[in-house]
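Enquirer: One structure, pasted below without further comment.
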Amino acid sequence: MKGKILIFTFLTAIFGWSATAQKSFRVGYVDMEYILENVPQYQQASSQLDAKVQEWRKEVEEKKRAIEDMKNQLENERALLTKELIEEREEEIAYQEEQALDYQQKRFGPNGDYMIQKKQLIRPIQDQVFTAVQEISENRNLDMVFDRTANNGMIYADRQYDISDQVLRSINRAANRRQIDSREGRQALEAEENRTVEQDAKIAEENQEVQEKRNEREALLAERQRQRDSIKAAKQKELEARRAKIIEERQRRIDSIRAIRARKDTIN
C-alpha cells in the first residue's frame, strides 16, 4: 500500500511538473536495506532477534522429532497392539501435529512473533530516517525522496541522487551526540562531521569492500555446512532404510509364527 501511494504521488508530481515546465524537479532516493545494515543499534537488536529465532526454530524441530519418534514407535509396535490402541495412538499423533503447526504459525506466521518483533525493530530506525530525510531534502532542495527497496516501480536511479550515506551519517551523528560526554569525544565527533561527502563515500567504499570479503567467507562457510548437511541427510536416509528393512523382517517373522500357530490349531 505504501509503495502504491509513493507511485501515485511520484507520477502526480511528474505530470504536474511536465505540464508547467516552470521549475526543475529534483528527486532523491534512499536504500533502506543499506542504512539498516550500517546502523549499530539495529544490528545489535537484530542479533538478539536472530538468537530468539534460533531458539524458536529449535523448539519447532524438537516438536517435529518428538512426533516422528511417536510414529516410529507406533509402527514398531503396531503388530502387537489392538485396533483400539492403534487408533488412540494415531489420534494423539494427529493432535501433536496440529499443536506443532499452531506453534510454528504463532512464531513464524504472517502475524507471528517474528514479524511483529521485526516491525518493532525497524520502526525506530524508520523514524530516524524520515527525520534525516526531511532535513537533507530541505538542505538540497529535493522535491521528492523515496526508498528504492520499496515496491515503488523504480527500475533505474542515478547514483548521484542516492542520499543513503547522508541519511546514515545524520543518524549516526545523532546517536554519537547522545553517547559522547567527554571533550576528546566531542572533538573527534566534530572532525568526523566536518568530513566531506566525498570522504564519507571513500570510507563507505572501503567498508563495502570489507563487507564483500565477509560475505564471501560466510558464503563459503554456508556451502561447507550445506555439504555436511547433505552427507548427514544421506546417512539418515540410509539409516531409515535399514530400520524399515528390520521392521519388515520382524513383521514377516511375526506373520510366519502366526501362520504356524494357525496350522497347529487347525490340526488339533
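Residue numbers start at 1 in each chain; chains themselves are named A, B, ... in the order of the C-alpha cells; ligands are numbered from 1 in the order shown.
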If you count only C-alpha atoms, which residues fall within 10 Å of Glu33 in chain A, apart from same-chain ones fewer than 2 positions away, as a PyMOL selection string?
Expert: chain A and resi 30-31+35-38+147-150+164
Enquirer: Based on the backbone DSSP call, show me all residues of range 26-262 of chain A assigned alpha helix (DSSP H), as a ChimeraX atom specification.
Expert: /A:32-37,40-77,83-108,113-140,164-179,183-193,197-262
Enquirer: Pull the closest atom pair for each residue of range 74-106 of chain A that gets at most 12 Å from range 114-119 of chain A, along with the distance in Å to one decimal, counting only C-alpha atoms, ordering rows by chain and then ascending residue number, as a tab-separated table.
Expert:
residue	atom	partner	partner_atom	distance
A:Gln104	CA	A:Tyr114	CA	10.6
A:Gln105	CA	A:Tyr114	CA	10.0
A:Lys106	CA	A:Tyr114	CA	8.7
Enquirer: Would you pick out the contacts of Arg107 in chain A at 12 Å or less, using only C-alpha atoms, so that residues sharing its chain but fewer than 6 positions from it are not included, and give the list as a ChimeraX atom specification?
Expert: /A:52-60,100-101,113-118
Enquirer: Could you go through range 44-256 of chain A and tell me which residues DSSP, when run on the backbone, assigns to strand (DSSP E), listing them as a compact mmCIF listing (two decimals) with N, CA and C atoms, in the first residue's frame?
Expert:
# COMPACT_ATOMS: atom_id res chain seq x y z
N MET A 144 11.36 15.33 -3.92
CA MET A 144 10.83 14.04 -3.50
C MET A 144 11.97 13.08 -3.19
N VAL A 145 11.77 12.27 -2.16
CA VAL A 145 12.73 11.22 -1.79
C VAL A 145 11.94 9.94 -1.55
N PHE A 146 12.39 8.83 -2.12
CA PHE A 146 11.70 7.57 -1.89
C PHE A 146 12.70 6.44 -1.70
N ASP A 147 12.20 5.32 -1.25
CA ASP A 147 13.04 4.17 -0.91
C ASP A 147 13.12 3.24 -2.12
Enquirer: Report the distance between CA of Leu220 in chain A and CA of Gln208 in chain A in Å, rounded to one decimal place.
Expert: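 Calculated distance between CA of Leu220 in chain A and CA of Gln208 in chain A is 18.3 Å.
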Enquirer: How many Å lie between CA of Pro40 in chain A and CA of Glu216 in chain A, rounded to one decimal?
Expert: 21.5 Å
Enquirer: Taking into account only C-alpha atoms, which residue in the set A:Glu88, A:Asp165, A:Glu77, A:Asp229 is nearest to Ala132 in chain A?
Expert: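 Once distances to Ala132 in chain A are computed over only C-alpha atoms, the minimum belongs to A:Asp165.
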Enquirer: I'd like to know which of A:Glu90, A:Asp127, A:Asp102, A:Glu75 is closest to Arg243 in chain A, using only C-alpha atoms.
Expert: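 For Arg243 in chain A, the nearest of the given residues is A:Glu75.
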Enquirer: Please report the interatomic distance between CA of Gln96 in chain A and CA of Gln73 in chain A in Å with one decimal.
Expert: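 A separation of 14.7 Å between them.
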